[in-house]
Amino acid sequence: MLRVEEIFKDYDGKPLLKGISFEVQEGELVCLLGSSGSGKSTMLRIIAGLEKPESGKVYWNDVEYTDKPTHERDFGLMFQDYALFPHRSVAENIAFGLRMARRSKAEIDSLVEKALKSIHMQEFANRPVTELSGGEQQRVALARALAPDPHLLMLDEPLGALDHNLRTELLKDLRKRLHDSKKPVIYVTHDQEEAFALADRLLLLHNGKLVQEGVPETVFTQPANAWVASFLGLGNLVPARLVGPNLVESELGQFELYASQALSVSSECMLLLRPEDALIGEEASRFPNHLRAIVQDSVFQGEFYRLEVLVGQTLLQVHSPQAVEINQPLPLTWPTNKLQCLPV
Amino acid sequence: MKRSGSLTWLLWLIPLVFLLYFFYQPLLAIFRQVFSERFNQGWQFFSWDQVTRPLVFTLWQAILSTLLTLLIGLPAAYLFARFDFAGRKGLHTLSLLPFILPTVVVATAFNTLIGPRGWLNLILMDVFNLSTPPIKLLNSLPAILLAHVFYNTSIVIRMVGNSLSRLNPHYEEAARVLNASPWQAFKEVTLPLLVPAILGASLLVFLFDFTSFGVVLMLGGPQFATLEVEIYNQAMNRFNLPMAGLLSIIQLLVTLLITLAQNQVRKPRFGKAALSSERKARQRPVGRWQKTFVVLMIILLVVLFVSPILSLVTRSLVAFEAARGERGAFYTGFTTRYYIELFQNRSGSIFYANPLAAIRNSLVYSVMTMVIATSLGLITAYALSRSGKFTRWLEPVFMLPLGASAVILGLGFLLTFNKPPWTSGPFPILIPIAHSLIALPFVVRTILPAIQSIPNLLREAARVMGAKTLQVFREIDLPILLRAVIVSLVFSFTISLGEFGATSFLANARTPTIPVTIFRYISQPGALNYGQALAMSTLLLITSAAGSLLIEKIRLPGEELF
């Protein structure tokens with residue numbers, strides 16, 4: 001089990017990580033999610049021992065690893081650019097970690113063979129890695145990282161270098177492979193789709209701190225703050241102020257809701273209005289204080305129409321099951337139990 | 001269409017005629033000299049021993065020099081690519097300086113350090129009260145090796161260091177994560193990826209060591225003759241031109257072989273994969289081992305690069321003259337006399353080398369070389385940038401002069417142009433022409449990449465807007481090429497100013513240059529001669545260093561001169 005405690009790290013003289021602590025349990029897949037430049041990769045490099053933190057500690061099974069040299073940690077790391085050794089063949093790349101661990105020749109051969117078989121690339125064994133496609137490189141890089149049987153596997157944006165179609169295809173494959181390996185995994189990404197598809201648990205990194213931690217469903221339904229909601233693209237965010245225990249005021253008017261415990265009365269917050277929860281048309285007009293919106297645009301998305309509507313000066317996105325006429329007024333509201341007010 | 005076709009022809013014609021007349025004709029003359037002698041008298045003009053001895057020695061010293069250069073250059077390259085320390089930039093600039101220093105300057109600098117009248121001996125004689133210099137390093141193999149290491153370490157630092165700092169840092173890190181210790185990661189991943197750069201640098205260093213002339217002539221003495229020095233001896237002292245010619249042909253063949261090997265090495269091996277835009281940040285040394293390494297390397301490099309230069313400059317300002325009467329007593333003190341003497345025309349002097357005339361000559365030749373080499377190089381680069389069957393055919397013709405050494409050029413000139421009108425003309429035009437031929441390859445290699453970097457689309461756009469051929473050149477090409485052209489001007493000027501190999505064949509008593517005069521002075525006895533040689537060397541050193549710094553300032557990062 002991995003545990004990091006209060007990691008601080010500077011970059012170019014500015015603090016990058018400001019006290020990061022978390023744990024990864026046996027067989028758990030944790031996704032570290034954050035925008036680019038947030039220090040996610042640096043966190044992995046600190047765990048791998050490639051960089052030293054300013055302060056803080058790294059433990060593996062309660063043994064301190066902070067000053068342990070990288071090659072004695074038995075942690076696997078897969079780089080975003082894969083870093084396959086260009087002067088070695090596919091098989092030699094996979095064998096590298098085993099060779100460094102001084103396994104016997106026969107053992108190496110059989111393990112490499114097994115690894116190649118598992119990624120369906122037996123016939124590629126003696127090819128130079130420079131001739132592989134992006135997807136093939138990704139598979140070889142994963143096989144190379146897993147070959148020495150590391151205690152912990154870390155992946156730094158493993159699908160980041162691939163185009164969209166290939167990504168979706170490989171994501172399924174990767175999910176199965178990581179699951180089958182039964183290893184604890186830390187998976188770094190900035191893509192919430194990947195994170196939701198893979199993670200047992202999400203860690204959200206923002207401004208050098210972990211702002212939320214939890215299973216994907218919880219993070220999705222109860223984002224800890226406005227940044228999380230915005231980063232995950234959960235919906236419209238409107239500046240508001242809590243004026244009563246269950247009442248907020250915004251430029252759209254007053255809303256009744258079940259406010260979070262974290263907020264005190266008269267504090268600033270962000271109102272989260274999820275497009276898929278919006279009630280429109282007749283349904284909305286039954287509520288006495290519904291909003292009067294003007295439809296700006298209606299775009300067919302397959303299962304629904306994505307509407308852009310103007311309420312006063314505020315542009316909102318809502319989903320509608322059927323097409324709506326443009327430039328027409330539209331009654332609009334959100335049910336009280338679907339509204340959330342988030343700390344800024 | 002027709003117009004641009006004829007222009008292409010003209011582009012080819014000018015450098016082609018120049019090269020045929022001034023490079024291939026002299027080269028042919030060397031062959032003719034050897035083989036006509038062979039038909040007239042058989043192979044009597046030489047014995048095998050006369051060929052094998054200098055050849056074996058040349059190869060031997062070149063191998064030793066290259067190995068020693070790698071021994072210092074590789075750790076130095078690692079130092080500059082990976083570590084950050086106070087004064088790093090200054091030391092780096094300093095370590096790249098020797099490459100451009102004239103051979104005579106390097107030779108005199110080492111003379112002032114380890115020679116009989118040099119600092120080390122003077123200090124030892126003073127401390128131990130000796131009457132003769134205790135260190136006899138001059139005229140020995142170690143002196144030659146030392147100068148070669150001084151010269152060529154900068155090549156290894158530049159080529160291998162560049163490659164190392166452009167290597168994707170993830171490779172080494174991936175190896176570390178895959179259970180490799182720092183040393184294993186270096187041995188298994190970093191080193192193999194550097195092999196092409198190391199091989200390339202080694203071959204270039206070997207080529208320079210193999211064709212080294214001035215340093216060997218001035219530091220090696222008569223018993224250590226390389227092929228180049230032997231060519232010079234045979235031609236200028238023994239007047240055995242066929243023998244000099246034969247040695248030249250052998251020299252040319254070996255050079256050609258090295259060049260072929262270089263082309264093999266230069267082929268890209270690992271694709272672009274091995275290089276990355278992401279550079280490993282240089283780090284301050286941590287831990288005992290790293291700190292020891294950095295400190296030792298800094299000391300080594302400072303001693304290697306600073307001490308000869310410092311020694312030359314200081315020695316040129318200090319008088320050491322034997323006091324009359326007393327043994328082992330010296331008159332010592334600061335003096336600017338050597339410099340002042342340079343600018344005094346002593347008509348009654350028994351020495352024929354007139355320093356003032358030499359300085360004037362050198363400046364005139366350098367300016368002429370600058371103009372000839374750059375304009376010719378510009379035209380040649382344009383011709384080479386046009387793709388086509390014709391270009392591929394003629395490219396080797398233009399690139400061969402790269403392999404020919406200055407001494408061979410000098411010998412060829414001597415054989416071909418040692419007659420009127422060349423000798424009777426009012427001005428020795430041959431010297432700047434020879435210098436231009438030596439500078440030409442460097443100029444072409446500076447300008448060609450710049451031309452190739454201009455998208456043809458720009459020229460076409462200008463043409464569509466109504467610009468004529470010359471206007472296109474002036475409006476589009478010239479502003480983009482300006483940097484490369486300035487670098488070429490400075491570079492050819494500096495090369496000409498310090499050129500010694502070819503000039504030693506061509507400069508007569510009437511037309512000495514600075515390097516030739518330095519050579520004459522330092523071969524003479526007498527403190528004044530020695531001092532004047534040092535003073536001139538120091539002036540040449542300052543000019544060359546200024547030129548080199550100027551080039552580094554103007555040059556775009558990533559452009560390489562070799």
# chains A, B, ... in the order shown; residues from 1 in each chain; ligands from 1
$ interface_residues --of "chain A" --to "chain B" --cutoff "6 Å" --atoms "only C-alpha atoms" --output "PyMOL selection string"
chain A and resi 70-71+83+86+97+100
$ residues_around --residues "Glu282 of chain A" --least-positions-apart "4" --cutoff "10 Å" --atoms "only C-alpha atoms" --output "number ranges by chain"
A: 286-287, 330-332
$ residues_around --residues "Ala535 of chain B" --least-positions-apart "5" --cutoff "10 Å" --atoms "only C-alpha atoms" --output "PyMOL selection string"
chain B and resi 312-317+336-342+518+529-530+540-541
$ write_last_selection --atoms "C-alpha atoms" --output "PDB file, in the first residue's frame"
ATOM      1  CA  LEU B 312      51.176  33.521 -23.939  1.00  0.00           C
ATOM      2  CA  VAL B 313      49.664  36.862 -22.998  1.00  0.00           C
ATOM      3  CA  THR B 314      51.709  37.302 -19.801  1.00  0.00           C
ATOM      4  CA  ARG B 315      54.941  36.070 -21.336  1.00  0.00           C
ATOM      5  CA  SER B 316      54.598  38.612 -24.146  1.00  0.00           C
ATOM      6  CA  LEU B 317      54.595  41.352 -21.511  1.00  0.00           C
ATOM      7  CA  THR B 336      55.792  46.574 -23.642  1.00  0.00           C
ATOM      8  CA  ARG B 337      58.923  46.663 -25.725  1.00  0.00           C
ATOM      9  CA  TYR B 338      57.983  43.661 -27.857  1.00  0.00           C
ATOM     10  CA  TYR B 339      54.801  45.376 -28.955  1.00  0.00           C
ATOM     11  CA  ILE B 340      56.478  48.690 -29.640  1.00  0.00           C
ATOM     12  CA  GLU B 341      59.179  46.990 -31.689  1.00  0.00           C
ATOM     13  CA  LEU B 342      56.507  45.514 -33.967  1.00  0.00           C
ATOM     14  CA  ILE B 518      55.617  34.491 -36.124  1.00  0.00           C
ATOM     15  CA  ASN B 529      62.711  37.704 -31.663  1.00  0.00           C
ATOM     16  CA  TYR B 530      60.959  35.478 -29.166  1.00  0.00           C
ATOM     17  CA  LEU B 540      46.369  37.431 -33.495  1.00  0.00           C
ATOM     18  CA  LEU B 541      44.833  35.640 -30.520  1.00  0.00           C
TER      19      LEU B 541
END
$ select_by_dssp --residues "segment 48-274 of chain A" --states "alpha helix (DSSP H)" --output "number ranges by chain"
A: 48, 90-100, 105-118, 134-146, 164-181, 192-198, 216-221, 226-231
$ atom_distance --atom1 "atom CA of Leu32 of chain A" --atom2 "atom CA of Phe220 of chain A"
15.0 Å
$ decode --residues "segment 144-157 of chain A" --atoms "all heavy atoms" --output "mmCIF file, in the first residue's frame"
data_model
loop_
_atom_site.group_PDB
_atom_site.id
_atom_site.type_symbol
_atom_site.label_atom_id
_atom_site.label_comp_id
_atom_site.auth_asym_id
_atom_site.auth_seq_id
_atom_site.Cartn_x
_atom_site.Cartn_y
_atom_site.Cartn_z
ATOM 1 N N ARG A 144 6.208 -3.349 -21.261
ATOM 2 C CA ARG A 144 7.545 -3.152 -20.703
ATOM 3 C C ARG A 144 7.465 -2.768 -19.231
ATOM 4 O O ARG A 144 8.223 -3.250 -18.396
ATOM 5 C CB ARG A 144 8.278 -2.065 -21.484
ATOM 6 C CG ARG A 144 9.697 -1.845 -21.003
ATOM 7 C CD ARG A 144 10.426 -0.800 -21.816
ATOM 8 N NE ARG A 144 9.984 0.561 -21.504
ATOM 9 C CZ ARG A 144 10.586 1.653 -21.951
ATOM 10 N NH1 ARG A 144 11.624 1.542 -22.762
ATOM 11 N NH2 ARG A 144 10.138 2.845 -21.640
ATOM 12 N N ALA A 145 6.491 -1.875 -18.914
ATOM 13 C CA ALA A 145 6.362 -1.423 -17.533
ATOM 14 C C ALA A 145 5.900 -2.565 -16.621
ATOM 15 O O ALA A 145 6.298 -2.642 -15.463
ATOM 16 C CB ALA A 145 5.383 -0.253 -17.458
ATOM 17 N N LEU A 146 5.067 -3.482 -17.165
ATOM 18 C CA LEU A 146 4.518 -4.560 -16.333
ATOM 19 C C LEU A 146 5.454 -5.763 -16.231
ATOM 20 O O LEU A 146 5.356 -6.545 -15.287
ATOM 21 C CB LEU A 146 3.161 -5.021 -16.891
ATOM 22 C CG LEU A 146 1.978 -4.095 -16.612
ATOM 23 C CD1 LEU A 146 0.754 -4.541 -17.402
ATOM 24 C CD2 LEU A 146 1.661 -4.092 -15.120
ATOM 25 N N ALA A 147 6.369 -5.903 -17.198
ATOM 26 C CA ALA A 147 7.202 -7.118 -17.269
ATOM 27 C C ALA A 147 7.950 -7.436 -15.972
ATOM 28 O O ALA A 147 7.936 -8.582 -15.536
ATOM 29 C CB ALA A 147 8.163 -7.027 -18.456
ATOM 30 N N PRO A 148 8.609 -6.463 -15.322
ATOM 31 C CA PRO A 148 9.349 -6.825 -14.100
ATOM 32 C C PRO A 148 8.428 -7.009 -12.893
ATOM 33 O O PRO A 148 8.926 -7.118 -11.783
ATOM 34 C CB PRO A 148 10.294 -5.633 -13.878
ATOM 35 C CG PRO A 148 10.069 -4.690 -14.993
ATOM 36 C CD PRO A 148 8.796 -5.036 -15.663
ATOM 37 N N ASP A 149 7.108 -7.044 -13.112
ATOM 38 C CA ASP A 149 6.143 -7.265 -12.041
ATOM 39 C C ASP A 149 6.297 -6.243 -10.916
ATOM 40 O O ASP A 149 6.554 -6.601 -9.754
ATOM 41 C CB ASP A 149 6.324 -8.697 -11.490
ATOM 42 C CG ASP A 149 5.105 -9.133 -10.703
ATOM 43 O OD1 ASP A 149 4.021 -8.560 -10.931
ATOM 44 O OD2 ASP A 149 5.248 -10.019 -9.840
ATOM 45 N N PRO A 150 6.109 -4.942 -11.227
ATOM 46 C CA PRO A 150 6.299 -3.914 -10.192
ATOM 47 C C PRO A 150 5.197 -3.988 -9.133
ATOM 48 O O PRO A 150 4.117 -4.487 -9.399
ATOM 49 C CB PRO A 150 6.203 -2.615 -10.989
ATOM 50 C CG PRO A 150 5.363 -2.954 -12.177
ATOM 51 C CD PRO A 150 5.672 -4.369 -12.510
ATOM 52 N N HIS A 151 5.513 -3.477 -7.929
ATOM 53 C CA HIS A 151 4.516 -3.450 -6.859
ATOM 54 C C HIS A 151 3.396 -2.473 -7.172
ATOM 55 O O HIS A 151 2.280 -2.634 -6.734
ATOM 56 C CB HIS A 151 5.161 -3.001 -5.542
ATOM 57 C CG HIS A 151 6.217 -3.916 -5.064
ATOM 58 N ND1 HIS A 151 6.073 -5.277 -5.114
ATOM 59 C CD2 HIS A 151 7.449 -3.681 -4.541
ATOM 60 C CE1 HIS A 151 7.163 -5.843 -4.625
ATOM 61 N NE2 HIS A 151 8.020 -4.898 -4.280
ATOM 62 N N LEU A 152 3.768 -1.410 -7.897
ATOM 63 C CA LEU A 152 2.822 -0.322 -8.162
ATOM 64 C C LEU A 152 3.062 0.138 -9.596
ATOM 65 O O LEU A 152 4.200 0.227 -10.031
ATOM 66 C CB LEU A 152 3.109 0.841 -7.189
ATOM 67 C CG LEU A 152 2.455 2.190 -7.475
ATOM 68 C CD1 LEU A 152 1.005 2.165 -7.031
ATOM 69 C CD2 LEU A 152 3.191 3.311 -6.744
ATOM 70 N N LEU A 153 1.967 0.429 -10.305
ATOM 71 C CA LEU A 153 2.129 0.896 -11.672
ATOM 72 C C LEU A 153 1.611 2.324 -11.790
ATOM 73 O O LEU A 153 0.523 2.635 -11.295
ATOM 74 C CB LEU A 153 1.356 -0.014 -12.638
ATOM 75 C CG LEU A 153 1.465 0.355 -14.114
ATOM 76 C CD1 LEU A 153 2.896 0.228 -14.609
ATOM 77 C CD2 LEU A 153 0.546 -0.504 -14.960
ATOM 78 N N MET A 154 2.417 3.183 -12.409
ATOM 79 C CA MET A 154 1.985 4.562 -12.617
ATOM 80 C C MET A 154 1.950 4.851 -14.108
ATOM 81 O O MET A 154 2.861 4.465 -14.841
ATOM 82 C CB MET A 154 2.947 5.524 -11.920
ATOM 83 C CG MET A 154 2.910 5.385 -10.416
ATOM 84 S SD MET A 154 4.057 6.487 -9.601
ATOM 85 C CE MET A 154 5.569 5.574 -9.733
ATOM 86 N N LEU A 155 0.892 5.510 -14.566
ATOM 87 C CA LEU A 155 0.785 5.842 -15.983
ATOM 88 C C LEU A 155 0.558 7.336 -16.124
ATOM 89 O O LEU A 155 -0.349 7.896 -15.497
ATOM 90 C CB LEU A 155 -0.380 5.081 -16.636
ATOM 91 C CG LEU A 155 -0.323 3.563 -16.541
ATOM 92 C CD1 LEU A 155 -1.250 3.084 -15.441
ATOM 93 C CD2 LEU A 155 -0.653 2.915 -17.854
ATOM 94 N N ASP A 156 1.403 7.976 -16.936
ATOM 95 C CA ASP A 156 1.317 9.416 -17.136
ATOM 96 C C ASP A 156 0.643 9.688 -18.479
ATOM 97 O O ASP A 156 1.271 9.564 -19.522
ATOM 98 C CB ASP A 156 2.728 10.030 -17.094
ATOM 99 C CG ASP A 156 2.681 11.544 -17.051
ATOM 100 O OD1 ASP A 156 1.566 12.107 -17.102
ATOM 101 O OD2 ASP A 156 3.753 12.157 -16.975
ATOM 102 N N GLU A 157 -0.631 10.029 -18.452
ATOM 103 C CA GLU A 157 -1.395 10.323 -19.669
ATOM 104 C C GLU A 157 -1.112 9.313 -20.773
ATOM 105 O O GLU A 157 -0.660 9.686 -21.857
ATOM 106 C CB GLU A 157 -1.059 11.730 -20.190
ATOM 107 C CG GLU A 157 -1.190 12.797 -19.122
ATOM 108 C CD GLU A 157 -2.219 13.853 -19.462
ATOM 109 O OE1 GLU A 157 -2.937 13.695 -20.463
ATOM 110 O OE2 GLU A 157 -2.308 14.826 -18.694
#
